[in-house]
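J.: Have a peek at entry-v8.pdb (PDB, N, CA and C atoms).
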ATOM      1  N   MET A  26      12.333 -17.961  -7.510
ATOM      2  CA  MET A  26      11.020 -18.521  -7.271
ATOM      3  C   MET A  26       9.962 -17.576  -7.828
ATOM      4  N   SER A  27       8.991 -18.119  -8.553
ATOM      5  CA  SER A  27       7.954 -17.279  -9.153
ATOM      6  C   SER A  27       6.840 -17.009  -8.144
ATOM      7  N   PRO A  28       6.103 -15.890  -8.346
ATOM      8  CA  PRO A  28       5.016 -15.564  -7.429
ATOM      9  C   PRO A  28       3.914 -16.617  -7.492
ATOM     10  N   ALA A  29       3.177 -16.746  -6.422
ATOM     11  CA  ALA A  29       2.061 -17.682  -6.377
ATOM     12  C   ALA A  29       0.981 -17.240  -7.359
ATOM     13  N   ILE A  30       0.247 -18.217  -7.886
ATOM     14  CA  ILE A  30      -0.823 -17.908  -8.838
ATOM     15  C   ILE A  30      -1.839 -16.964  -8.205
ATOM     16  N   ASP A  31      -2.117 -17.139  -6.913
ATOM     17  CA  ASP A  31      -3.085 -16.286  -6.227
ATOM     18  C   ASP A  31      -2.661 -14.826  -6.216
ATOM     19  N   SER A  32      -1.379 -14.567  -6.417
ATOM     20  CA  SER A  32      -0.921 -13.184  -6.361
ATOM     21  C   SER A  32      -1.183 -12.436  -7.666
ATOM     22  N   GLU A  33      -1.734 -13.104  -8.677
ATOM     23  CA  GLU A  33      -2.070 -12.417  -9.930
ATOM     24  C   GLU A  33      -2.987 -11.231  -9.649
ATOM     25  N   TYR A  34      -3.873 -11.400  -8.690
ATOM     26  CA  TYR A  34      -4.772 -10.303  -8.327
ATOM     27  C   TYR A  34      -3.969  -9.082  -7.879
ATOM     28  N   GLU A  35      -2.997  -9.302  -6.992
ATOM     29  CA  GLU A  35      -2.189  -8.194  -6.487
ATOM     30  C   GLU A  35      -1.207  -7.661  -7.532
ATOM     31  N   LEU A  36      -0.655  -8.550  -8.347
ATOM     32  CA  LEU A  36       0.372  -8.152  -9.313
ATOM     33  C   LEU A  36      -0.191  -7.552 -10.601
ATOM     34  N   VAL A  37      -1.379  -7.993 -11.004
ATOM     35  CA  VAL A  37      -1.917  -7.579 -12.297
ATOM     36  C   VAL A  37      -3.240  -6.831 -12.164
ATOM     37  N   GLU A  38      -4.228  -7.479 -11.543
ATOM     38  CA  GLU A  38      -5.567  -6.893 -11.519
ATOM     39  C   GLU A  38      -5.643  -5.587 -10.733
ATOM     40  N   LEU A  39      -5.116  -5.579  -9.522
ATOM     41  CA  LEU A  39      -5.192  -4.351  -8.722
ATOM     42  C   LEU A  39      -4.496  -3.167  -9.386
ATOM     43  N   PRO A  40      -3.258  -3.325  -9.882
ATOM     44  CA  PRO A  40      -2.627  -2.189 -10.569
ATOM     45  C   PRO A  40      -3.404  -1.745 -11.812
ATOM     46  N   ALA A  41      -3.947  -2.694 -12.557
ATOM     47  CA  ALA A  41      -4.724  -2.336 -13.748
ATOM     48  C   ALA A  41      -5.988  -1.580 -13.358
ATOM     49  N   MET A  42      -6.664  -2.040 -12.310
ATOM     50  CA  MET A  42      -7.881  -1.357 -11.860
ATOM     51  C   MET A  42      -7.562   0.044 -11.348
ATOM     52  N   GLU A  43      -6.456   0.198 -10.660
ATOM     53  CA  GLU A  43      -6.063   1.517 -10.159
ATOM     54  C   GLU A  43      -5.785   2.468 -11.320
ATOM     55  N   LEU A  44      -5.093   1.987 -12.332
ATOM     56  CA  LEU A  44      -4.806   2.818 -13.503
ATOM     57  C   LEU A  44      -6.096   3.224 -14.211
ATOM     58  N   LEU A  45      -6.991   2.275 -14.415
ATOM     59  CA  LEU A  45      -8.265   2.588 -15.069
ATOM     60  C   LEU A  45      -9.074   3.583 -14.244
ATOM     61  N   HIS A  46      -9.043   3.425 -12.925
ATOM     62  CA  HIS A  46      -9.739   4.368 -12.043
ATOM     63  C   HIS A  46      -9.154   5.773 -12.194
ATOM     64  N   GLN A  47      -7.835   5.873 -12.244
ATOM     65  CA  GLN A  47      -7.174   7.171 -12.417
ATOM     66  C   GLN A  47      -7.537   7.806 -13.758
ATOM     67  N   LEU A  48      -7.827   6.973 -14.757
ATOM     68  CA  LEU A  48      -8.205   7.473 -16.076
ATOM     69  C   LEU A  48      -9.690   7.820 -16.168
ATOM     70  N   GLY A  49     -10.414   7.622 -15.061
ATOM     71  CA  GLY A  49     -11.817   8.004 -15.028
ATOM     72  C   GLY A  49     -12.803   6.893 -15.317
ATOM     73  N   TRP A  50     -12.330   5.668 -15.398
ATOM     74  CA  TRP A  50     -13.227   4.551 -15.661
ATOM     75  C   TRP A  50     -14.024   4.209 -14.409
ATOM     76  N   GLU A  51     -15.243   3.759 -14.611
ATOM     77  CA  GLU A  51     -16.077   3.244 -13.526
ATOM     78  C   GLU A  51     -15.746   1.761 -13.386
ATOM     79  N   LEU A  52     -15.383   1.339 -12.193
ATOM     80  CA  LEU A  52     -14.954  -0.039 -11.977
ATOM     81  C   LEU A  52     -16.008  -0.846 -11.238
ATOM     82  N   ALA A  53     -16.109  -2.113 -11.602
ATOM     83  CA  ALA A  53     -16.981  -3.051 -10.904
ATOM     84  C   ALA A  53     -16.293  -4.405 -10.933
ATOM     85  N   THR A  54     -16.375  -5.124  -9.850
ATOM     86  CA  THR A  54     -15.797  -6.463  -9.817
ATOM     87  C   THR A  54     -16.914  -7.490  -9.772
ATOM     88  N   GLY A  55     -16.616  -8.678 -10.246
ATOM     89  CA  GLY A  55     -17.599  -9.742 -10.255
ATOM     90  C   GLY A  55     -18.028 -10.179  -8.869
ATOM     91  N   LYS A  56     -17.191  -9.938  -7.889
ATOM     92  CA  LYS A  56     -17.514 -10.353  -6.526
ATOM     93  C   LYS A  56     -18.749  -9.633  -5.993
ATOM     94  N   GLU A  57     -18.971  -8.410  -6.454
ATOM     95  CA  GLU A  57     -20.070  -7.599  -5.935
ATOM     96  C   GLU A  57     -21.266  -7.544  -6.874
ATOM     97  N   GLU A  58     -21.177  -8.173  -8.040
ATOM     98  CA  GLU A  58     -22.214  -8.017  -9.054
ATOM     99  C   GLU A  58     -23.531  -8.662  -8.647
ATOM    100  N   GLN A  59     -24.599  -7.924  -8.882
ATOM    101  CA  GLN A  59     -25.960  -8.430  -8.741
ATOM    102  C   GLN A  59     -26.511  -8.580 -10.154
ATOM    103  N   PHE A  60     -27.157  -9.693 -10.459
ATOM    104  CA  PHE A  60     -27.649  -9.950 -11.804
ATOM    105  C   PHE A  60     -29.091  -9.497 -11.965
ATOM    106  N   GLY A  61     -29.516  -9.333 -13.211
ATOM    107  CA  GLY A  61     -30.872  -8.919 -13.547
ATOM    108  C   GLY A  61     -30.873  -7.546 -14.190
ATOM    109  N   GLU A  62     -32.018  -7.175 -14.759
ATOM    110  CA  GLU A  62     -32.123  -5.898 -15.466
ATOM    111  C   GLU A  62     -31.773  -4.713 -14.579
ATOM    112  N   GLN A  63     -32.088  -4.789 -13.311
ATOM    113  CA  GLN A  63     -31.771  -3.706 -12.378
ATOM    114  C   GLN A  63     -30.488  -3.991 -11.603
ATOM    115  N   GLY A  64     -29.744  -4.993 -12.050
ATOM    116  CA  GLY A  64     -28.516  -5.382 -11.370
ATOM    117  C   GLY A  64     -27.377  -4.409 -11.615
ATOM    118  N   THR A  65     -26.247  -4.744 -11.080
ATOM    119  CA  THR A  65     -25.064  -3.889 -11.132
ATOM    120  C   THR A  65     -24.703  -3.474 -12.552
ATOM    121  N   LEU A  66     -24.614  -4.445 -13.456
ATOM    122  CA  LEU A  66     -24.176  -4.179 -14.827
ATOM    123  C   LEU A  66     -25.255  -4.469 -15.866
ATOM    124  N   GLY A  67     -26.409  -4.949 -15.425
ATOM    125  CA  GLY A  67     -27.492  -5.248 -16.347
ATOM    126  C   GLY A  67     -27.400  -6.615 -17.003
ATOM    127  N   ARG A  68     -26.467  -7.452 -16.513
ATOM    128  CA  ARG A  68     -26.358  -8.803 -17.070
ATOM    129  C   ARG A  68     -27.348  -9.719 -16.365
ATOM    130  N   GLN A  69     -27.844 -10.711 -17.112
ATOM    131  CA  GLN A  69     -28.745 -11.691 -16.520
ATOM    132  C   GLN A  69     -27.977 -12.772 -15.758
ATOM    133  N   ASN A  70     -26.767 -13.070 -16.233
ATOM    134  CA  ASN A  70     -25.953 -14.101 -15.591
ATOM    135  C   ASN A  70     -24.490 -13.900 -15.967
ATOM    136  N   VAL A  71     -23.628 -14.678 -15.360
ATOM    137  CA  VAL A  71     -22.184 -14.525 -15.533
ATOM    138  C   VAL A  71     -21.727 -14.888 -16.946
ATOM    139  N   ARG A  72     -22.533 -15.643 -17.686
ATOM    140  CA  ARG A  72     -22.148 -16.061 -19.027
ATOM    141  C   ARG A  72     -22.309 -14.951 -20.065
ATOM    142  N   GLU A  73     -23.044 -13.910 -19.741
ATOM    143  CA  GLU A  73     -23.203 -12.786 -20.664
ATOM    144  C   GLU A  73     -21.948 -11.927 -20.608
ATOM    145  N   VAL A  74     -21.226 -11.878 -21.714
ATOM    146  CA  VAL A  74     -19.966 -11.136 -21.726
ATOM    147  C   VAL A  74     -20.122  -9.716 -22.252
ATOM    148  N   VAL A  75     -21.210  -9.449 -22.949
ATOM    149  CA  VAL A  75     -21.465  -8.106 -23.476
ATOM    150  C   VAL A  75     -22.444  -7.406 -22.541
ATOM    151  N   LEU A  76     -22.102  -6.196 -22.140
ATOM    152  CA  LEU A  76     -22.996  -5.400 -21.296
ATOM    153  C   LEU A  76     -23.976  -4.692 -22.227
ATOM    154  N   VAL A  77     -25.075  -5.384 -22.552
ATOM    155  CA  VAL A  77     -26.009  -4.926 -23.579
ATOM    156  C   VAL A  77     -26.568  -3.535 -23.298
ATOM    157  N   PRO A  78     -26.991  -3.212 -22.079
ATOM    158  CA  PRO A  78     -27.493  -1.847 -21.860
ATOM    159  C   PRO A  78     -26.443  -0.778 -22.180
ATOM    160  N   ARG A  79     -25.193  -1.045 -21.848
ATOM    161  CA  ARG A  79     -24.131  -0.072 -22.138
ATOM    162  C   ARG A  79     -23.803  -0.040 -23.625
ATOM    163  N   LEU A  80     -23.836  -1.189 -24.282
ATOM    164  CA  LEU A  80     -23.623  -1.230 -25.730
ATOM    165  C   LEU A  80     -24.709  -0.431 -26.436
ATOM    166  N   ARG A  81     -25.955  -0.670 -26.057
ATOM    167  CA  ARG A  81     -27.081   0.043 -26.676
ATOM    168  C   ARG A  81     -26.939   1.552 -26.467
ATOM    169  N   ALA A  82     -26.597   1.970 -25.261
ATOM    170  CA  ALA A  82     -26.430   3.405 -24.972
ATOM    171  C   ALA A  82     -25.288   3.996 -25.796
ATOM    172  N   ALA A  83     -24.186   3.263 -25.929
ATOM    173  CA  ALA A  83     -23.050   3.751 -26.716
ATOM    174  C   ALA A  83     -23.415   3.858 -28.187
ATOM    175  N   LEU A  84     -24.156   2.883 -28.694
ATOM    176  CA  LEU A  84     -24.578   2.945 -30.095
ATOM    177  C   LEU A  84     -25.473   4.154 -30.345
ATOM    178  N   HIS A  85     -26.390   4.429 -29.415
ATOM    179  CA  HIS A  85     -27.241   5.631 -29.536
ATOM    180  C   HIS A  85     -26.390   6.898 -29.496
ATOM    181  N   ARG A  86     -25.440   6.947 -28.589
ATOM    182  CA  ARG A  86     -24.597   8.134 -28.433
ATOM    183  C   ARG A  86     -23.726   8.372 -29.671
ATOM    184  N   LEU A  87     -23.187   7.295 -30.237
ATOM    185  CA  LEU A  87     -22.306   7.409 -31.394
ATOM    186  C   LEU A  87     -23.056   7.574 -32.716
ATOM    187  N   ASN A  88     -24.320   7.161 -32.726
ATOM    188  CA  ASN A  88     -25.130   7.203 -33.947
ATOM    189  C   ASN A  88     -26.496   7.815 -33.650
ATOM    190  N   PRO A  89     -26.546   9.083 -33.262
ATOM    191  CA  PRO A  89     -27.811   9.678 -32.825
ATOM    192  C   PRO A  89     -28.894   9.705 -33.903
ATOM    193  N   GLU A  90     -28.515   9.637 -35.160
ATOM    194  CA  GLU A  90     -29.492   9.665 -36.251
ATOM    195  C   GLU A  90     -30.018   8.277 -36.615
ATOM    196  N   ALA A  91     -29.405   7.230 -36.089
ATOM    197  CA  ALA A  91     -29.801   5.864 -36.450
ATOM    198  C   ALA A  91     -31.170   5.535 -35.871
ATOM    199  N   PRO A  92     -32.028   4.892 -36.672
ATOM    200  CA  PRO A  92     -33.333   4.482 -36.149
ATOM    201  C   PRO A  92     -33.174   3.379 -35.097
ATOM    202  N   PRO A  93     -34.121   3.284 -34.178
ATOM    203  CA  PRO A  93     -34.043   2.253 -33.125
ATOM    204  C   PRO A  93     -33.868   0.840 -33.682
ATOM    205  N   GLU A  94     -34.478   0.560 -34.828
ATOM    206  CA  GLU A  94     -34.361  -0.774 -35.422
ATOM    207  C   GLU A  94     -32.911  -1.073 -35.806
ATOM    208  N   ALA A  95     -32.202  -0.076 -36.301
ATOM    209  CA  ALA A  95     -30.797  -0.270 -36.679
ATOM    210  C   ALA A  95     -29.936  -0.519 -35.447
ATOM    211  N   ILE A  96     -30.231   0.194 -34.366
ATOM    212  CA  ILE A  96     -29.490  -0.007 -33.113
ATOM    213  C   ILE A  96     -29.706  -1.429 -32.614
ATOM    214  N   GLU A  97     -30.958  -1.879 -32.616
ATOM    215  CA  GLU A  97     -31.257  -3.232 -32.137
ATOM    216  C   GLU A  97     -30.618  -4.287 -33.029
ATOM    217  N   GLN A  98     -30.613  -4.053 -34.341
ATOM    218  CA  GLN A  98     -29.974  -4.990 -35.260
ATOM    219  C   GLN A  98     -28.477  -5.081 -34.963
ATOM    220  N   ALA A  99     -27.854  -3.961 -34.672
ATOM    221  CA  ALA A  99     -26.429  -3.953 -34.336
ATOM    222  C   ALA A  99     -26.173  -4.718 -33.039
ATOM    223  N   VAL A 100     -27.024  -4.517 -32.035
ATOM    224  CA  VAL A 100     -26.873  -5.235 -30.763
ATOM    225  C   VAL A 100     -26.982  -6.735 -31.000
ATOM    226  N   VAL A 101     -28.008  -7.144 -31.740
ATOM    227  CA  VAL A 101     -28.207  -8.571 -32.021
ATOM    228  C   VAL A 101     -26.983  -9.156 -32.719
ATOM    229  N   GLU A 102     -26.431  -8.423 -33.668
ATOM    230  CA  GLU A 102     -25.270  -8.926 -34.417
ATOM    231  C   GLU A 102     -24.032  -9.041 -33.527
ATOM    232  N   VAL A 103     -23.824  -8.086 -32.652
ATOM    233  CA  VAL A 103     -22.644  -8.134 -31.777
ATOM    234  C   VAL A 103     -22.732  -9.296 -30.792
ATOM    235  N   VAL A 104     -23.911  -9.556 -30.243
ATOM    236  CA  VAL A 104     -24.041 -10.597 -29.215
ATOM    237  C   VAL A 104     -24.372 -11.972 -29.792
ATOM    238  N   ARG A 105     -24.443 -12.083 -31.099
ATOM    239  CA  ARG A 105     -24.769 -13.356 -31.750
ATOM    240  C   ARG A 105     -23.816 -14.459 -31.287
ATOM    241  N   ASP A 106     -24.357 -15.655 -31.133
ATOM    242  CA  ASP A 106     -23.568 -16.815 -30.706
ATOM    243  C   ASP A 106     -22.538 -17.176 -31.780
ATOM    244  N   ARG A 107     -21.303 -17.178 -31.397
ATOM    245  CA  ARG A 107     -20.211 -17.541 -32.300
ATOM    246  C   ARG A 107     -19.439 -18.751 -31.768
ATOM    247  N   SER A 108     -20.104 -19.557 -30.962
ATOM    248  CA  SER A 108     -19.418 -20.666 -30.299
ATOM    249  C   SER A 108     -18.982 -21.773 -31.255
ATOM    250  N   THR A 109     -19.520 -21.806 -32.469
ATOM    251  CA  THR A 109     -19.086 -22.830 -33.425
ATOM    252  C   THR A 109     -17.817 -22.410 -34.162
ATOM    253  N   LYS A 110     -17.414 -21.162 -33.996
ATOM    254  CA  LYS A 110     -16.206 -20.653 -34.652
ATOM    255  C   LYS A 110     -15.012 -20.798 -33.710
ATOM    256  N   SER A 111     -13.835 -20.760 -34.283
ATOM    257  CA  SER A 111     -12.643 -20.730 -33.438
ATOM    258  C   SER A 111     -12.616 -19.384 -32.716
ATOM    259  N   LEU A 112     -11.889 -19.314 -31.615
ATOM    260  CA  LEU A 112     -11.803 -18.049 -30.881
ATOM    261  C   LEU A 112     -11.226 -16.940 -31.745
ATOM    262  N   VAL A 113     -10.237 -17.275 -32.547
ATOM    263  CA  VAL A 113      -9.615 -16.275 -33.420
ATOM    264  C   VAL A 113     -10.628 -15.762 -34.435
ATOM    265  N   ASP A 114     -11.359 -16.675 -35.079
ATOM    266  CA  ASP A 114     -12.342 -16.261 -36.079
ATOM    267  C   ASP A 114     -13.473 -15.450 -35.453
ATOM    268  N   ALA A 115     -13.939 -15.879 -34.280
ATOM    269  CA  ALA A 115     -15.013 -15.149 -33.605
ATOM    270  C   ALA A 115     -14.552 -13.749 -33.218
ATOM    271  N   ASN A 116     -13.357 -13.644 -32.663
ATOM    272  CA  ASN A 116     -12.834 -12.328 -32.283
ATOM    273  C   ASN A 116     -12.622 -11.439 -33.502
ATOM    274  N   GLN A 117     -12.137 -12.006 -34.594
ATOM    275  CA  GLN A 117     -11.933 -11.239 -35.826
ATOM    276  C   GLN A 117     -13.267 -10.706 -36.346
ATOM    277  N   GLU A 118     -14.292 -11.538 -36.295
ATOM    278  CA  GLU A 118     -15.612 -11.126 -36.771
ATOM    279  C   GLU A 118     -16.163  -9.965 -35.947
ATOM    280  N   VAL A 119     -16.058 -10.067 -34.634
ATOM    281  CA  VAL A 119     -16.550  -8.988 -33.773
ATOM    282  C   VAL A 119     -15.708  -7.732 -33.965
ATOM    283  N   TRP A 120     -14.405  -7.880 -34.068
ATOM    284  CA  TRP A 120     -13.539  -6.723 -34.295
ATOM    285  C   TRP A 120     -13.921  -6.021 -35.593
ATOM    286  N   ASN A 121     -14.179  -6.800 -36.663
ATOM    287  CA  ASN A 121     -14.605  -6.205 -37.929
ATOM    288  C   ASN A 121     -15.921  -5.448 -37.771
ATOM    289  N   LEU A 122     -16.852  -6.014 -37.012
ATOM    290  CA  LEU A 122     -18.128  -5.329 -36.765
ATOM    291  C   LEU A 122     -17.902  -4.001 -36.051
ATOM    292  N   LEU A 123     -17.074  -4.026 -35.030
ATOM    293  CA  LEU A 123     -16.822  -2.807 -34.261
ATOM    294  C   LEU A 123     -16.073  -1.765 -35.084
ATOM    295  N   ARG A 124     -15.176  -2.226 -35.930
ATOM    296  CA  ARG A 124     -14.379  -1.314 -36.744
ATOM    297  C   ARG A 124     -15.158  -0.779 -37.941
ATOM    298  N   ASP A 125     -15.850  -1.672 -38.652
ATOM    299  CA  ASP A 125     -16.464  -1.304 -39.929
ATOM    300  C   ASP A 125     -17.985  -1.186 -39.897
ATOM    301  N   GLY A 126     -18.594  -1.696 -38.849
ATOM    302  CA  GLY A 126     -20.053  -1.662 -38.776
ATOM    303  C   GLY A 126     -20.682  -2.835 -39.461
TER
END
Translate this structure into structure tokens?
T.:
Amino acid sequence: MSPAIDSEYELVELPAMELLHQLGWELATGKEEQFGEQGTLGRQNVREVVLVPRLRAALHRLNPEAPPEAIEQAVVEVVRDRSTKSLVDANQEVWNLLRDG
């Protein structure tokens, strides 16, 4: 007999979160998230999949010489709507951006 679907949290999510915590990651779950600029993760709503404040900070950290306009252009390109593309094509495009700039 296979485990109940509800047990995915116990079988997959909890062990993964524990491992990430042990590796020093900061964890947050959607159950506790507050939305808005001063919210938990800085997302406006649940549909935002990119944590823009963290992306912007990482881009600054990785590219300290880049002008602010270049950072903003990169953010806009990463979060651009790709809903007309297939999931594979959209993921490939974002992966190429992250890999090659």
J.: With only C-alpha atoms as the atoms that count, which of A:Leu45, A:Val104, A:Leu36, A:Leu122 lies nearest to Pro78 in chain A?
T.: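 Going through A:Leu45, A:Val104, A:Leu36, A:Leu122 one by one, the smallest distance to Pro78 in chain A is for A:Val104.
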J.: At a cut-off of 12 Å, using only C-alpha atoms, what residues contact range 61-77 of chain A? Leave out same-chain residues fewer than 5 positions from it and give the result as a list in words.
T.: Glu51, Leu52, Ala53, Thr54, Gly55, Lys56, Ala82, Ala83, Leu84, Ile96, Glu97, Ala99, Val100, Val101, Glu102, Val103, Val104, Arg105, Asp106 and Val119 of chain A
J.: Generate a file of the selected residues that holds N, CA and C atoms, formatted as a PDB file, in the frame of the given file.
T.:
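This went into selection-v4.pdb:
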ATOM      1  N   GLU A  51     -15.243   3.759 -14.611  1.00  0.00           N
ATOM      2  CA  GLU A  51     -16.077   3.244 -13.526  1.00  0.00           C
ATOM      3  C   GLU A  51     -15.746   1.761 -13.386  1.00  0.00           C
ATOM      4  N   LEU A  52     -15.383   1.339 -12.193  1.00  0.00           N
ATOM      5  CA  LEU A  52     -14.954  -0.039 -11.977  1.00  0.00           C
ATOM      6  C   LEU A  52     -16.008  -0.846 -11.238  1.00  0.00           C
ATOM      7  N   ALA A  53     -16.109  -2.113 -11.602  1.00  0.00           N
ATOM      8  CA  ALA A  53     -16.981  -3.051 -10.904  1.00  0.00           C
ATOM      9  C   ALA A  53     -16.293  -4.405 -10.933  1.00  0.00           C
ATOM     10  N   THR A  54     -16.375  -5.124  -9.850  1.00  0.00           N
ATOM     11  CA  THR A  54     -15.797  -6.463  -9.817  1.00  0.00           C
ATOM     12  C   THR A  54     -16.914  -7.490  -9.772  1.00  0.00           C
ATOM     13  N   GLY A  55     -16.616  -8.678 -10.246  1.00  0.00           N
ATOM     14  CA  GLY A  55     -17.599  -9.742 -10.255  1.00  0.00           C
ATOM     15  C   GLY A  55     -18.028 -10.179  -8.869  1.00  0.00           C
ATOM     16  N   LYS A  56     -17.191  -9.938  -7.889  1.00  0.00           N
ATOM     17  CA  LYS A  56     -17.514 -10.353  -6.526  1.00  0.00           C
ATOM     18  C   LYS A  56     -18.749  -9.633  -5.993  1.00  0.00           C
ATOM     19  N   ALA A  82     -26.597   1.970 -25.261  1.00  0.00           N
ATOM     20  CA  ALA A  82     -26.430   3.405 -24.972  1.00  0.00           C
ATOM     21  C   ALA A  82     -25.288   3.996 -25.796  1.00  0.00           C
ATOM     22  N   ALA A  83     -24.186   3.263 -25.929  1.00  0.00           N
ATOM     23  CA  ALA A  83     -23.050   3.751 -26.716  1.00  0.00           C
ATOM     24  C   ALA A  83     -23.415   3.858 -28.187  1.00  0.00           C
ATOM     25  N   LEU A  84     -24.156   2.883 -28.694  1.00  0.00           N
ATOM     26  CA  LEU A  84     -24.578   2.945 -30.095  1.00  0.00           C
ATOM     27  C   LEU A  84     -25.473   4.154 -30.345  1.00  0.00           C
ATOM     28  N   ILE A  96     -30.231   0.194 -34.366  1.00  0.00           N
ATOM     29  CA  ILE A  96     -29.490  -0.007 -33.113  1.00  0.00           C
ATOM     30  C   ILE A  96     -29.706  -1.429 -32.614  1.00  0.00           C
ATOM     31  N   GLU A  97     -30.958  -1.879 -32.616  1.00  0.00           N
ATOM     32  CA  GLU A  97     -31.257  -3.232 -32.137  1.00  0.00           C
ATOM     33  C   GLU A  97     -30.618  -4.287 -33.029  1.00  0.00           C
ATOM     34  N   ALA A  99     -27.854  -3.961 -34.672  1.00  0.00           N
ATOM     35  CA  ALA A  99     -26.429  -3.953 -34.336  1.00  0.00           C
ATOM     36  C   ALA A  99     -26.173  -4.718 -33.039  1.00  0.00           C
ATOM     37  N   VAL A 100     -27.024  -4.517 -32.035  1.00  0.00           N
ATOM     38  CA  VAL A 100     -26.873  -5.235 -30.763  1.00  0.00           C
ATOM     39  C   VAL A 100     -26.982  -6.735 -31.000  1.00  0.00           C
ATOM     40  N   VAL A 101     -28.008  -7.144 -31.740  1.00  0.00           N
ATOM     41  CA  VAL A 101     -28.207  -8.571 -32.021  1.00  0.00           C
ATOM     42  C   VAL A 101     -26.983  -9.156 -32.719  1.00  0.00           C
ATOM     43  N   GLU A 102     -26.431  -8.423 -33.668  1.00  0.00           N
ATOM     44  CA  GLU A 102     -25.270  -8.926 -34.417  1.00  0.00           C
ATOM     45  C   GLU A 102     -24.032  -9.041 -33.527  1.00  0.00           C
ATOM     46  N   VAL A 103     -23.824  -8.086 -32.652  1.00  0.00           N
ATOM     47  CA  VAL A 103     -22.644  -8.134 -31.777  1.00  0.00           C
ATOM     48  C   VAL A 103     -22.732  -9.296 -30.792  1.00  0.00           C
ATOM     49  N   VAL A 104     -23.911  -9.556 -30.243  1.00  0.00           N
ATOM     50  CA  VAL A 104     -24.041 -10.597 -29.215  1.00  0.00           C
ATOM     51  C   VAL A 104     -24.372 -11.972 -29.792  1.00  0.00           C
ATOM     52  N   ARG A 105     -24.443 -12.083 -31.099  1.00  0.00           N
ATOM     53  CA  ARG A 105     -24.769 -13.356 -31.750  1.00  0.00           C
ATOM     54  C   ARG A 105     -23.816 -14.459 -31.287  1.00  0.00           C
ATOM     55  N   ASP A 106     -24.357 -15.655 -31.133  1.00  0.00           N
ATOM     56  CA  ASP A 106     -23.568 -16.815 -30.706  1.00  0.00           C
ATOM     57  C   ASP A 106     -22.538 -17.176 -31.780  1.00  0.00           C
ATOM     58  N   VAL A 119     -16.058 -10.067 -34.634  1.00  0.00           N
ATOM     59  CA  VAL A 119     -16.550  -8.988 -33.773  1.00  0.00           C
ATOM     60  C   VAL A 119     -15.708  -7.732 -33.965  1.00  0.00           C
TER      61      VAL A 119
END
J.: Using Å and a single decimal, report how far CA of Glu58 in chain A sits from CA of Glu38 in chain A.
T.: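 CA of Glu58 in chain A lies at a distance of 16.9 Å from CA of Glu38 in chain A.
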J.: Rounded to one decimal, what separation in Å do you get between atom C of Leu87 in chain A and atom C of His46 in chain A?
T.: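 Separation between atom C of Leu87 in chain A and atom C of His46 in chain A: 24.9 Å.
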J.: I need the alpha helix (DSSP H) residues of chain A per DSSP on the backbone, written as a ChimeraX atom specification.
T.: /A:33,39-47,77-87,93-104,112-125
J.: Once 6 Å is added on each side, what are the centre and the three edge lengths, in Å to one decimal, of the axis-aligned box enclosing the listed atoms of range 63-80 of chain A? Present them as JSON.
T.:
{"center_x": -26.0, "center_y": -8.1, "center_z": -18.8, "size_x": 24.1, "size_y": 28.0, "size_z": 27.4}
J.: Just the number, please: distance in Å from atom C of Trp120 in chain A to atom N of Glu43 in chain A, one decimal.
T.: 26.8 Å
